[in-house]
>>> print(open('protein.txt').read())   # compact mmCIF, C-alpha atoms and all ligand atoms
# COMPACT_ATOMS: atom_id res chain seq x y z
CA MET V 1 28.41 -43.61 -19.63
CA ALA V 2 27.68 -40.33 -21.47
CA ASN V 3 25.25 -38.03 -19.70
CA ASN V 4 22.35 -37.61 -22.13
CA PHE V 5 20.73 -34.82 -20.08
CA TYR V 6 22.59 -32.37 -22.31
CA ASP V 7 21.60 -33.87 -25.67
CA PHE V 8 19.72 -30.84 -26.99
CA ALA V 9 20.73 -31.14 -30.65
CA GLY V 10 17.74 -33.23 -31.74
CA GLU V 11 15.19 -30.90 -30.19
CA LEU V 12 16.91 -27.85 -31.67
CA ARG V 13 16.93 -29.44 -35.14
CA GLN V 14 13.23 -30.20 -34.79
CA LEU V 15 12.44 -26.56 -33.93
CA GLU V 16 14.37 -25.52 -37.03
CA GLN V 17 12.45 -27.97 -39.22
CA ASP V 18 9.13 -26.72 -37.81
CA ASN V 19 10.09 -23.08 -38.54
CA LEU V 20 9.85 -22.41 -34.81
CA TYR V 21 13.51 -21.71 -34.15
CA ARG V 22 14.05 -18.31 -32.52
CA SER V 23 17.16 -16.20 -32.78
CA ARG V 24 18.28 -12.71 -31.89
CA ARG V 25 19.65 -9.84 -33.94
CA VAL V 26 22.19 -7.51 -32.41
CA VAL V 27 21.21 -3.83 -32.48
CA ASP V 28 23.91 -1.19 -32.20
CA GLY V 29 22.67 2.17 -30.91
CA PRO V 30 19.51 3.49 -29.28
CA GLN V 31 15.94 2.40 -29.98
CA GLY V 32 14.24 4.46 -32.65
CA ILE V 33 12.67 4.21 -36.08
CA MET V 34 16.03 3.44 -37.72
CA LEU V 35 17.94 0.57 -36.16
CA ASN V 36 21.53 -0.28 -36.96
CA VAL V 37 21.76 -4.05 -37.43
CA ASP V 38 24.89 -5.75 -38.79
CA GLY V 39 26.00 -2.47 -40.37
CA ARG V 40 22.61 -1.99 -42.10
CA GLN V 41 19.94 0.57 -41.30
CA LEU V 42 16.51 -1.06 -40.92
CA ILE V 43 13.15 0.68 -40.53
CA ASN V 44 11.77 -0.60 -37.25
CA PHE V 45 8.16 -1.81 -37.28
CA CYS V 46 8.42 -4.25 -34.37
CA SER V 47 9.11 -2.24 -31.24
CA ASN V 48 6.72 -1.52 -28.36
CA ASP V 49 8.15 1.99 -28.01
CA TYR V 50 4.82 3.29 -29.31
CA LEU V 51 5.33 6.93 -28.38
CA GLY V 52 9.04 7.20 -29.21
CA LEU V 53 10.08 7.85 -25.61
CA ALA V 54 12.80 5.18 -25.23
CA ASN V 55 15.44 7.64 -26.40
CA HIS V 56 13.67 10.94 -25.68
CA ALA V 57 16.12 13.70 -24.65
CA GLU V 58 14.25 14.64 -21.46
CA VAL V 59 13.83 11.02 -20.40
CA ALA V 60 17.52 10.30 -21.01
CA ALA V 61 18.54 13.46 -19.11
CA ALA V 62 16.36 12.45 -16.13
CA PHE V 63 17.99 9.01 -16.18
CA LYS V 64 21.48 10.55 -16.08
CA ALA V 65 20.52 13.00 -13.33
CA GLY V 66 19.03 10.03 -11.45
CA VAL V 67 22.37 8.23 -11.57
CA ASP V 68 24.11 11.35 -10.24
CA ARG V 69 21.69 11.53 -7.32
CA TYR V 70 21.07 7.86 -6.55
CA GLY V 71 23.96 5.94 -8.12
CA VAL V 72 23.30 2.83 -10.16
CA GLY V 73 22.21 -0.13 -8.03
CA SER V 74 19.26 0.01 -5.64
CA GLY V 75 21.12 -2.14 -3.12
CA SER V 76 18.27 -4.40 -2.02
CA ALA V 77 14.59 -5.17 -2.25
CA HIS V 78 12.02 -2.43 -1.53
CA LEU V 79 11.27 -3.87 1.91
CA ILE V 80 14.92 -3.77 3.01
CA CYS V 81 16.65 -0.50 2.05
CA GLY V 82 16.06 -0.28 -1.72
CA HIS V 83 12.89 1.88 -1.75
CA SER V 84 14.15 5.33 -2.75
CA ALA V 85 12.46 8.73 -2.81
CA ALA V 86 12.41 8.37 -6.62
CA HIS V 87 10.46 5.09 -6.47
CA HIS V 88 8.08 6.57 -3.92
CA ALA V 89 7.43 9.71 -5.96
CA LEU V 90 6.82 7.66 -9.11
CA GLU V 91 4.29 5.48 -7.26
CA GLU V 92 2.42 8.57 -6.09
CA GLU V 93 2.45 10.05 -9.60
CA LEU V 94 1.22 6.80 -11.16
CA ALA V 95 -1.60 6.59 -8.61
CA ALA V 96 -2.67 10.16 -9.44
CA PHE V 97 -2.37 9.56 -13.19
CA THR V 98 -4.49 6.39 -13.10
CA GLY V 99 -6.99 7.82 -10.61
CA ARG V 100 -6.27 5.06 -8.11
CA GLU V 101 -5.54 5.34 -4.38
CA ARG V 102 -2.13 3.72 -4.56
CA ALA V 103 0.34 2.22 -7.01
CA LEU V 104 3.11 -0.32 -6.40
CA LEU V 105 6.20 -0.60 -8.61
CA PHE V 106 7.48 -3.95 -9.83
CA SER V 107 10.79 -4.68 -11.52
CA THR V 108 9.07 -6.17 -14.60
CA GLY V 109 5.56 -6.79 -15.85
CA TYR V 110 6.19 -10.50 -15.97
CA MET V 111 7.02 -10.49 -12.28
CA ALA V 112 4.03 -8.30 -11.42
CA ASN V 113 1.60 -10.72 -13.05
CA LEU V 114 3.24 -13.82 -11.66
CA GLY V 115 3.30 -12.34 -8.17
CA VAL V 116 -0.07 -10.62 -7.96
CA ILE V 117 -2.18 -13.56 -9.12
CA SER V 118 -0.39 -16.01 -6.86
CA ALA V 119 -0.62 -13.59 -3.90
CA LEU V 120 -4.38 -13.16 -4.26
CA LEU V 121 -5.41 -16.77 -4.99
CA GLY V 122 -4.64 -20.19 -3.63
CA ARG V 123 -5.75 -23.79 -3.82
CA GLY V 124 -9.56 -24.00 -3.89
CA ASP V 125 -9.97 -20.66 -5.73
CA THR V 126 -10.59 -20.20 -9.45
CA VAL V 127 -8.72 -18.09 -11.98
CA LEU V 128 -10.54 -17.29 -15.24
CA GLU V 129 -8.33 -16.24 -18.12
CA ASP V 130 -8.93 -15.21 -21.72
CA ARG V 131 -7.40 -17.84 -24.02
CA LEU V 132 -5.21 -15.17 -25.62
CA ASN V 133 -3.85 -13.71 -22.39
CA HIS V 134 -0.16 -12.89 -22.17
CA ALA V 135 2.10 -15.74 -21.00
CA SER V 136 2.85 -13.98 -17.72
CA LEU V 137 -0.86 -13.93 -16.80
CA LEU V 138 -1.26 -17.59 -17.69
CA ASP V 139 1.89 -18.49 -15.74
CA GLY V 140 0.67 -16.48 -12.73
CA GLY V 141 -2.59 -18.41 -12.80
CA LEU V 142 -0.76 -21.74 -12.92
CA LEU V 143 1.63 -20.74 -10.14
CA SER V 144 -1.27 -19.74 -7.85
CA ARG V 145 -2.51 -23.37 -7.71
CA ALA V 146 -6.06 -22.09 -8.17
CA ARG V 147 -8.35 -23.99 -10.54
CA PHE V 148 -7.31 -22.76 -13.98
CA GLN V 149 -10.10 -21.93 -16.43
CA ARG V 150 -9.56 -20.45 -19.87
CA TYR V 151 -12.55 -18.88 -21.60
CA ARG V 152 -12.95 -18.27 -25.33
CA HIS V 153 -11.34 -15.07 -26.54
CA ALA V 154 -13.34 -11.97 -25.50
CA ASP V 155 -16.44 -14.15 -25.09
CA CYS V 156 -18.67 -12.99 -22.23
CA GLU V 157 -21.11 -15.88 -22.63
CA ASP V 158 -18.40 -18.46 -22.09
CA LEU V 159 -16.99 -16.33 -19.27
CA GLN V 160 -20.38 -16.16 -17.55
CA THR V 161 -20.83 -19.95 -17.71
CA LYS V 162 -17.39 -20.50 -16.21
CA LEU V 163 -17.89 -17.81 -13.56
CA ALA V 164 -21.15 -19.45 -12.48
CA ALA V 165 -19.29 -22.74 -11.96
CA ALA V 166 -16.28 -21.22 -10.17
CA ASN V 167 -15.11 -22.50 -6.78
CA GLY V 168 -13.71 -20.46 -3.92
CA LYS V 169 -12.66 -16.90 -4.71
CA PRO V 170 -12.89 -16.25 -8.47
CA LEU V 171 -10.46 -13.86 -10.19
CA LEU V 172 -11.09 -12.72 -13.75
CA VAL V 173 -7.87 -11.87 -15.59
CA SER V 174 -7.43 -10.28 -19.03
CA ASP V 175 -5.10 -8.30 -21.23
CA GLY V 176 -6.41 -4.75 -21.72
CA VAL V 177 -5.11 -4.80 -25.30
CA PHE V 178 -4.26 -8.26 -26.61
CA SER V 179 -0.57 -8.27 -27.31
CA MET V 180 -0.56 -10.39 -30.47
CA ASP V 181 -3.94 -9.33 -31.92
CA GLY V 182 -4.21 -5.67 -30.91
CA ASP V 183 -7.91 -5.93 -30.04
CA LEU V 184 -9.66 -5.02 -26.78
CA PRO V 185 -11.71 -7.21 -24.43
CA PRO V 186 -15.40 -6.27 -23.84
CA LEU V 187 -14.36 -4.58 -20.62
CA PRO V 188 -17.61 -2.84 -19.54
CA ALA V 189 -19.50 -6.16 -19.79
CA MET V 190 -16.71 -7.94 -17.91
CA VAL V 191 -16.90 -5.35 -15.12
CA LYS V 192 -20.62 -6.14 -14.72
CA LEU V 193 -20.02 -9.89 -14.73
CA ALA V 194 -17.29 -9.59 -12.12
CA GLU V 195 -19.61 -7.55 -9.88
CA GLN V 196 -22.54 -9.96 -10.29
CA HIS V 197 -20.38 -12.97 -9.41
CA HIS V 198 -18.35 -11.27 -6.64
CA ALA V 199 -15.20 -11.95 -8.61
CA GLY V 200 -11.95 -10.00 -8.59
CA LEU V 201 -10.92 -8.31 -11.83
CA LEU V 202 -7.30 -7.85 -12.95
CA ILE V 203 -6.59 -6.00 -16.19
CA ASP V 204 -3.07 -5.99 -17.67
CA ASP V 205 -2.82 -2.84 -19.78
CA ALA V 206 0.76 -3.32 -21.00
CA HIS V 207 -0.14 -2.18 -24.53
CA GLY V 208 -2.84 0.39 -23.79
CA PHE V 209 -1.21 2.38 -21.00
CA GLY V 210 0.18 5.65 -22.41
CA VAL V 211 -1.42 5.03 -25.80
CA LEU V 212 -5.20 4.74 -25.36
CA GLY V 213 -7.46 7.41 -23.88
CA LYS V 214 -7.20 11.13 -24.45
CA ASN V 215 -4.61 11.50 -21.69
CA GLY V 216 -2.87 8.17 -22.22
CA GLY V 217 -4.62 6.60 -19.23
CA GLY V 218 -5.03 3.41 -21.24
CA VAL V 219 -7.92 1.04 -21.69
CA VAL V 220 -9.64 2.12 -18.45
CA GLU V 221 -9.65 5.73 -19.65
CA HIS V 222 -10.83 4.58 -23.08
CA PHE V 223 -13.89 2.93 -21.50
CA GLY V 224 -14.20 5.45 -18.63
CA LEU V 225 -13.73 2.86 -15.88
CA SER V 226 -12.84 3.79 -12.30
CA GLN V 227 -11.04 1.94 -9.51
CA ASP V 228 -14.41 0.51 -8.40
CA ASP V 229 -14.91 -0.94 -11.89
CA VAL V 230 -11.40 -2.29 -12.42
CA PRO V 231 -10.00 -2.75 -8.93
CA ILE V 232 -6.67 -4.32 -9.98
CA LEU V 233 -4.98 -2.40 -12.79
CA MET V 234 -1.55 -3.43 -14.01
CA GLY V 235 0.60 -1.46 -16.45
CA THR V 236 4.11 -1.79 -17.81
CA LEU V 237 6.70 0.93 -18.22
CA GLY V 238 8.94 -0.69 -20.85
CA LYS V 239 6.52 -0.16 -23.74
CA ALA V 240 4.82 3.20 -24.40
CA PHE V 241 6.64 4.71 -21.40
CA GLY V 242 9.94 3.86 -23.05
CA THR V 243 11.73 2.90 -19.83
CA PHE V 244 11.52 -0.27 -17.74
CA GLY V 245 9.45 -1.84 -14.98
CA ALA V 246 5.76 -2.16 -14.18
CA PHE V 247 3.17 -1.24 -11.58
CA VAL V 248 -0.11 -2.35 -10.08
CA ALA V 249 -2.65 0.31 -9.05
CA GLY V 250 -5.70 -0.02 -6.83
CA SER V 251 -7.04 0.57 -3.35
CA GLU V 252 -4.95 1.28 -0.27
CA ASP V 253 -5.77 -2.17 1.14
CA LEU V 254 -4.99 -3.99 -2.11
CA ILE V 255 -1.55 -2.39 -2.32
CA GLU V 256 -0.77 -3.04 1.35
CA MET V 257 -1.82 -6.65 0.88
CA LEU V 258 0.45 -7.00 -2.16
CA ILE V 259 3.40 -5.50 -0.26
CA GLN V 260 2.95 -8.17 2.42
CA LYS V 261 2.35 -11.18 0.22
CA THR V 262 3.74 -10.86 -3.30
CA ARG V 263 6.82 -13.05 -3.51
CA SER V 264 8.05 -11.51 -6.77
CA TYR V 265 7.93 -8.14 -4.98
CA VAL V 266 9.38 -9.14 -1.63
CA PHE V 267 12.20 -11.35 -2.86
CA THR V 268 13.74 -9.28 -5.63
CA THR V 269 15.98 -6.24 -5.96
CA ALA V 270 14.23 -2.92 -6.53
CA LEU V 271 14.78 -1.52 -10.00
CA PRO V 272 17.40 1.24 -10.13
CA ALA V 273 16.13 4.58 -8.79
CA ALA V 274 17.45 6.29 -11.93
CA VAL V 275 15.00 4.19 -13.98
CA ALA V 276 12.21 5.53 -11.79
CA GLU V 277 13.46 9.08 -12.40
CA ALA V 278 13.47 8.44 -16.15
CA THR V 279 9.91 7.09 -15.93
CA ARG V 280 8.78 10.19 -14.03
CA ALA V 281 10.09 12.23 -16.97
CA SER V 282 8.31 10.05 -19.53
CA LEU V 283 5.07 10.37 -17.56
CA ARG V 284 5.42 14.16 -17.82
CA VAL V 285 6.25 14.08 -21.55
CA LEU V 286 3.44 11.68 -22.31
CA GLN V 287 0.90 13.95 -20.65
CA SER V 288 2.13 17.22 -22.16
CA GLU V 289 2.80 15.92 -25.70
CA SER V 290 -0.59 14.59 -26.71
CA TRP V 291 0.46 14.98 -30.38
CA ARG V 292 2.25 11.64 -29.96
CA ARG V 293 -1.03 9.77 -29.46
CA GLU V 294 -2.68 11.74 -32.27
CA GLN V 295 0.13 11.07 -34.73
CA LEU V 296 0.07 7.38 -33.82
CA GLN V 297 -3.67 7.18 -34.53
CA ASN V 298 -3.17 9.01 -37.82
CA LEU V 299 -0.49 6.51 -38.94
CA ILE V 300 -2.56 3.51 -37.83
CA GLY V 301 -5.54 4.80 -39.82
CA ARG V 302 -3.37 5.37 -42.89
CA PHE V 303 -1.91 1.87 -42.66
CA ARG V 304 -5.30 0.16 -42.24
CA LYS V 305 -6.81 2.03 -45.15
CA GLY V 306 -3.91 1.11 -47.44
CA ALA V 307 -3.80 -2.49 -46.23
CA GLN V 308 -7.53 -2.94 -46.81
CA GLN V 309 -7.18 -1.62 -50.35
CA GLN V 310 -4.44 -4.19 -50.91
CA GLY V 311 -6.61 -6.97 -49.50
CA LEU V 312 -4.26 -7.80 -46.60
CA GLN V 313 -5.79 -9.85 -43.81
CA LEU V 314 -5.93 -7.40 -40.91
CA MET V 315 -7.30 -8.05 -37.44
CA ASP V 316 -9.96 -6.21 -35.45
CA SER V 317 -7.56 -3.65 -34.00
CA PHE V 318 -7.38 0.14 -33.82
CA THR V 319 -4.30 0.06 -31.58
CA ALA V 320 -0.60 0.37 -32.42
CA ILE V 321 -0.48 -3.42 -32.84
CA GLN V 322 -1.55 -4.23 -36.41
CA PRO V 323 -1.04 -7.90 -37.23
CA VAL V 324 -1.29 -9.24 -40.76
CA LEU V 325 -2.49 -12.82 -40.61
CA VAL V 326 -0.56 -15.31 -42.77
CA GLY V 327 -1.35 -18.66 -41.15
CA ASP V 328 1.54 -20.95 -41.98
CA SER V 329 4.71 -20.48 -39.89
CA GLY V 330 7.07 -21.11 -42.82
CA GLN V 331 5.32 -18.57 -45.04
CA THR V 332 5.30 -16.03 -42.22
CA VAL V 333 9.03 -16.41 -41.63
CA ALA V 334 9.66 -16.13 -45.37
CA ALA V 335 7.57 -12.94 -45.59
CA SER V 336 9.42 -11.44 -42.66
CA GLN V 337 12.71 -12.32 -44.39
CA ARG V 338 11.59 -10.67 -47.64
CA LEU V 339 10.65 -7.53 -45.69
CA LEU V 340 14.09 -7.56 -44.10
CA GLU V 341 15.72 -7.72 -47.54
CA GLN V 342 13.77 -4.56 -48.41
CA GLY V 343 14.96 -2.84 -45.23
CA PHE V 344 11.93 -3.34 -42.95
CA TRP V 345 12.09 -5.09 -39.61
CA VAL V 346 8.75 -6.76 -38.86
CA SER V 347 8.54 -9.75 -36.56
CA ALA V 348 7.10 -13.12 -37.51
CA ILE V 349 4.94 -14.37 -34.63
CA ARG V 350 4.49 -18.14 -34.54
CA PRO V 351 3.12 -20.79 -32.20
CA PRO V 352 3.28 -21.21 -29.25
CA THR V 353 3.00 -17.40 -28.93
CA VAL V 354 -0.18 -17.59 -31.09
CA PRO V 355 -2.46 -20.58 -31.79
CA ALA V 356 -1.37 -23.21 -34.35
CA GLY V 357 -2.14 -22.09 -37.92
CA ALA V 358 -2.44 -18.44 -36.88
CA ALA V 359 1.13 -17.26 -37.56
CA ARG V 360 1.29 -13.61 -38.48
CA LEU V 361 3.41 -10.57 -39.12
CA ARG V 362 3.09 -8.33 -36.08
CA ILE V 363 3.49 -4.76 -37.25
CA THR V 364 3.73 -2.09 -34.59
CA PHE V 365 3.65 1.67 -35.05
CA SER V 366 5.37 4.53 -33.31
CA ALA V 367 4.54 8.22 -33.13
CA HIS V 368 7.94 8.76 -34.76
CA HIS V 369 7.09 6.94 -38.00
CA THR V 370 6.32 9.15 -40.99
CA GLU V 371 3.55 8.79 -43.56
CA PRO V 372 6.06 7.99 -46.36
CA GLN V 373 7.48 5.20 -44.18
CA VAL V 374 4.00 3.72 -43.74
CA ASP V 375 3.39 3.91 -47.49
CA ALA V 376 6.76 2.27 -48.18
CA LEU V 377 5.90 -0.53 -45.74
CA LEU V 378 2.63 -1.17 -47.59
CA GLU V 379 4.51 -1.46 -50.89
CA ALA V 380 7.04 -3.80 -49.33
CA LEU V 381 4.24 -5.95 -47.88
CA ALA V 382 2.68 -6.31 -51.34
CA ARG V 383 5.98 -7.75 -52.58
CA ALA V 384 6.68 -9.85 -49.48
CA LEU V 385 3.42 -11.72 -48.94
CA PRO V 386 2.63 -14.99 -50.73
C1 LIG V 401 5.17 -7.15 -22.25
C2 LIG V 401 4.02 -7.66 -21.48
C3 LIG V 401 4.16 -8.06 -20.14
C4 LIG V 401 5.50 -8.16 -19.49
O1 LIG V 401 6.01 -6.93 -19.14
P1 LIG V 401 7.59 -6.76 -18.96
O2 LIG V 401 7.74 -5.51 -18.19
O3 LIG V 401 8.15 -6.72 -20.34
O4 LIG V 401 8.05 -7.98 -18.20
C5 LIG V 401 3.04 -8.42 -19.45
N1 LIG V 401 1.82 -8.43 -20.04
C6 LIG V 401 1.65 -8.09 -21.32
C7 LIG V 401 0.28 -8.12 -21.92
C8 LIG V 401 2.74 -7.71 -22.09
O5 LIG V 401 2.58 -7.40 -23.37
>>> encode(input="protein.txt", output="C-alpha cells")
Amino acid sequence: MANNFYDFAGELRQLEQDNLYRSRRVVDGPQGIMLNVDGRQLINFCSNDYLGLANHAEVAAAFKAGVDRYGVGSGSAHLICGHSAAHHALEEELAAFTGRERALLFSTGYMANLGVISALLGRGDTVLEDRLNHASLLDGGLLSRARFQRYRHADCEDLQTKLAAANGKPLLVSDGVFSMDGDLPPLPAMVKLAEQHHAGLLIDDAHGFGVLGKNGGGVVEHFGLSQDDVPILMGTLGKAFGTFGAFVAGSEDLIEMLIQKTRSYVFTTALPAAVAEATRASLRVLQSESWRREQLQNLIGRFRKGAQQQGLQLMDSFTAIQPVLVGDSGQTVAASQRLLEQGFWVSAIRPPTVPAGAARLRITFSAHHTEPQVDALLEALARALP
C-alpha cells in the first residue's frame, strides 16, 4: 500500500489557492539598499538592517579579523569549550550598553525566547502574552507548560484582569516594538502592573534595540526604564546590529540562573566567535554614528507625511516598521507584485503572521535610504494599491 504520510500536494495547492503560499527569492551579493535578484536591481524596503550595518566596512573587517584570530567554528556549546574571549567581551559590552549587570549571548533570538520563558516557568505558573507577540515568544510560552493567557493588544485593562486571576508565578511577556505593526506597548504602565502583581516582566526589543533612544538603547532607553523596571531584557543582533545572534540582559542572579537552566543555551553550539567580534564592531559604530538614527527618523517622517497625503492606511508607528494595511491577502500579494514590477521589494504579510483580514505591506526603512527613494516608493505605492 502507498504511504500517504507524504501526500503534501493537496495541502500545498490549498495554500496557493488561499494566497498563503510562501516562496523565497535568491539574492546575489551583500545586503544593502540595492539587491541583485534574478539579474535585476531592486530597491530594498523589506530588510531589518535598519541602520545599514550588515555590510558596514568596519563590521566586515572585524568579522574577518575574528576569523583570523578564532577560526570559523566555535567547537561546542558555551558550557563546554565554545565560550571564547570574544563572546565574553561582547557580553560585558552589551551589559554596559544596556545598563544591566550581566548579559548572556544566544545563537538566535528565537532560541533565546523559547529557552528563557521555559526556563523561568513551569506547570502551575502563568504566562501572559500580548496577542500580537512574536511567534518565538508565543512558542516559548507554550513550551513552558505554564497556563497560557493572551491579552488584547497593548491593553492594560485586559492585562490587569488576567494578572489578577493568574496562578503560580506570573510572567508578563511583550514585544518592545511590535514586529508587524511597528507600534510600542504601554511599557511604563506594564512595569507598574508587574510590580503590583509580583509578576516577572520580559521585553523582547528585537526591533527597538539600536534604533530607539538617543543612544540606540532601544525601547527601555526610549521610556527611561532601568533593570529594576524591566528585569528581563532581550535583544537581537541580526536586525539593527546587522550581524547575528541575540542576548538577554538582567541581574547577576537572573543570568546565572539562565546559564544553569536554559535548554536552548545549554544544548546548542555557541555562535562563531568572529560573529561576536563583528557585533562588537557594530556596537561601536552604532554608538559613534548617531546620524544613522537621525537619518532613519527623518526618512520615516517623510514617508508618513507623504503617505497621509495620499490617504494610505498607516498604522500607529513612529519606528522603522511602517505597514500599509490592505486587508485581503490576495490584494496584498498583488500590490507587492506590482511594486516588484516597478523595482521595489516590499513584503506582503499575511495570516497566520497577522490576524485574518489584516494582511498588509510591511515597509521597512534603513538609514541608507535616500529621500528620492522614499518619494519614488510613495509614487509606486499610489500605482500599486487597489
Ligand atoms: C526577529 C525576531 C525574533 C527572532 O530573532 P532571530 O535572532 O531572528 O531568531 C524574536 N523576536 C522578535 C520580536 C523578532 O522580530
>>> closest_residue(input="protein.txt", among="V:Arg25, V:Arg100, V:Arg150, V:Lys239", to="ligand LIG 401 (chain V)", atoms="all atoms listed in the file")
V:Lys239
>>> atom_distance(input="protein.txt", atom1="CA of Val173 in chain V", atom2="CA of Ala240 in chain V")
21.6 Å
>>> residues_around(input="protein.txt", residues="Thr353 in chain V", least_positions_apart="5", cutoff="12 Å", atoms="all atoms listed in the file", output="JSON, numbers by chain")
{"V": [20, 22, 131, 132, 133, 134, 135, 136, 178, 179, 180, 181, 329, 348, 358, 359, 360, 362]}
>>> atom_distance(input="protein.txt", atom1="CA of Asp375 in chain V", atom2="CA of His207 in chain V")
24.0 Å
>>> residues_around(input="protein.txt", residues="range 51-62 of chain V", least_positions_apart="4", cutoff="10 Å", atoms="all atoms listed in the file", output="PyMOL selection string")
chain V and resi 30-33+47+66-68+210-211+238-244+274-286+289-293+295-296+320+365-369
>>> atom_distance(input="protein.txt", atom1="CA of Tyr50 in chain V", atom2="CA of Gly71 in chain V")
28.7 Å
>>> residues_around(input="protein.txt", residues="Leu377 in chain V", least_positions_apart="4", cutoff="12 Å", atoms="only C-alpha atoms", output="short mmCIF file (atom, residue, chain, number, x, y, z; two decimals) with C-alpha atoms, in the frame of the given file")
data_model
loop_
_atom_site.label_atom_id
_atom_site.label_comp_id
_atom_site.auth_asym_id
_atom_site.auth_seq_id
_atom_site.Cartn_x
_atom_site.Cartn_y
_atom_site.Cartn_z
CA LEU V 42 16.51 -1.06 -40.92
CA ILE V 43 13.15 0.68 -40.53
CA ASN V 44 11.77 -0.60 -37.25
CA PHE V 45 8.16 -1.81 -37.28
CA LEU V 299 -0.49 6.51 -38.94
CA ARG V 302 -3.37 5.37 -42.89
CA PHE V 303 -1.91 1.87 -42.66
CA ARG V 304 -5.30 0.16 -42.24
CA GLY V 306 -3.91 1.11 -47.44
CA ALA V 307 -3.80 -2.49 -46.23
CA SER V 336 9.42 -11.44 -42.66
CA ARG V 338 11.59 -10.67 -47.64
CA LEU V 339 10.65 -7.53 -45.69
CA LEU V 340 14.09 -7.56 -44.10
CA GLN V 342 13.77 -4.56 -48.41
CA GLY V 343 14.96 -2.84 -45.23
CA PHE V 344 11.93 -3.34 -42.95
CA TRP V 345 12.09 -5.09 -39.61
CA VAL V 346 8.75 -6.76 -38.86
CA ILE V 363 3.49 -4.76 -37.25
CA THR V 364 3.73 -2.09 -34.59
CA PHE V 365 3.65 1.67 -35.05
CA HIS V 369 7.09 6.94 -38.00
CA THR V 370 6.32 9.15 -40.99
CA GLU V 371 3.55 8.79 -43.56
CA PRO V 372 6.06 7.99 -46.36
CA GLN V 373 7.48 5.20 -44.18
CA LEU V 381 4.24 -5.95 -47.88
CA ALA V 382 2.68 -6.31 -51.34
CA ARG V 383 5.98 -7.75 -52.58
CA ALA V 384 6.68 -9.85 -49.48
CA LEU V 385 3.42 -11.72 -48.94
#
>>> axis_aligned_box(input="protein.txt", around="ligand LIG 401 (chain V)", padding_each_side="8 Å", output="lines of an AutoDock Vina configuration file")
center_x = 4.2
center_y = -7.0
center_z = -20.8
size_x = 23.9
size_y = 18.9
size_z = 21.2
>>> closest_residue(input="protein.txt", among="V:Arg40, V:Lys261, V:His222, V:Lys162", to="Val177 in chain V", atoms="all atoms listed in the file")
V:His222
>>> residues_near_point(input="protein.txt", point="(-1.8, -24.8, -2.3)", cutoff="7 Å", atoms="all atoms listed in the file", output="MDAnalysis selection string")
chainID V and resid 122:123 145
>>> residues_around(input="protein.txt", residues="Gln196 in chain V", least_positions_apart="4", cutoff="12 Å", atoms="all atoms listed in the file", output="CSV table (one decimal) with C-alpha atoms, in the frame of the given file")
chain,number,residue,atom,x,y,z
V,160,GLN,CA,-20.4,-16.2,-17.6
V,163,LEU,CA,-17.9,-17.8,-13.6
V,164,ALA,CA,-21.2,-19.4,-12.5
V,170,PRO,CA,-12.9,-16.2,-8.5
V,189,ALA,CA,-19.5,-6.2,-19.8
V,190,MET,CA,-16.7,-7.9,-17.9
V,191,VAL,CA,-16.9,-5.4,-15.1
V,192,LYS,CA,-20.6,-6.1,-14.7
V,200,GLY,CA,-12.0,-10.0,-8.6
V,201,LEU,CA,-10.9,-8.3,-11.8
V,229,ASP,CA,-14.9,-0.9,-11.9
>>> residues_around(input="protein.txt", residues="Thr268 in chain V", least_positions_apart="5", cutoff="12 Å", atoms="all atoms listed in the file", output="NGL selection string")
:V and (74-80 or 82-83 or 105-108 or 111-112 or 115 or 262-263)
>>> closest_residue(input="protein.txt", among="V:Glu92, V:Asp205, V:Asp158, V:Asp228", to="ligand LIG 401 (chain V)", atoms="all atoms listed in the file")
V:Asp205
>>> closest_residue(input="protein.txt", among="V:Asn36, V:Gln149, V:Thr236, V:Asn167", to="ligand LIG 401 (chain V)", atoms="only C-alpha atoms and all ligand atoms")
V:Thr236
>>> closest_residue(input="protein.txt", among="V:Tyr151, V:Phe209, V:Phe223, V:Tyr21", to="ligand LIG 401 (chain V)", atoms="only C-alpha atoms and all ligand atoms")
V:Phe209
>>> closest_residue(input="protein.txt", among="V:Leu212, V:Ala9, V:Leu172, V:Leu138", to="ligand LIG 401 (chain V)", atoms="all atoms listed in the file")
V:Leu138
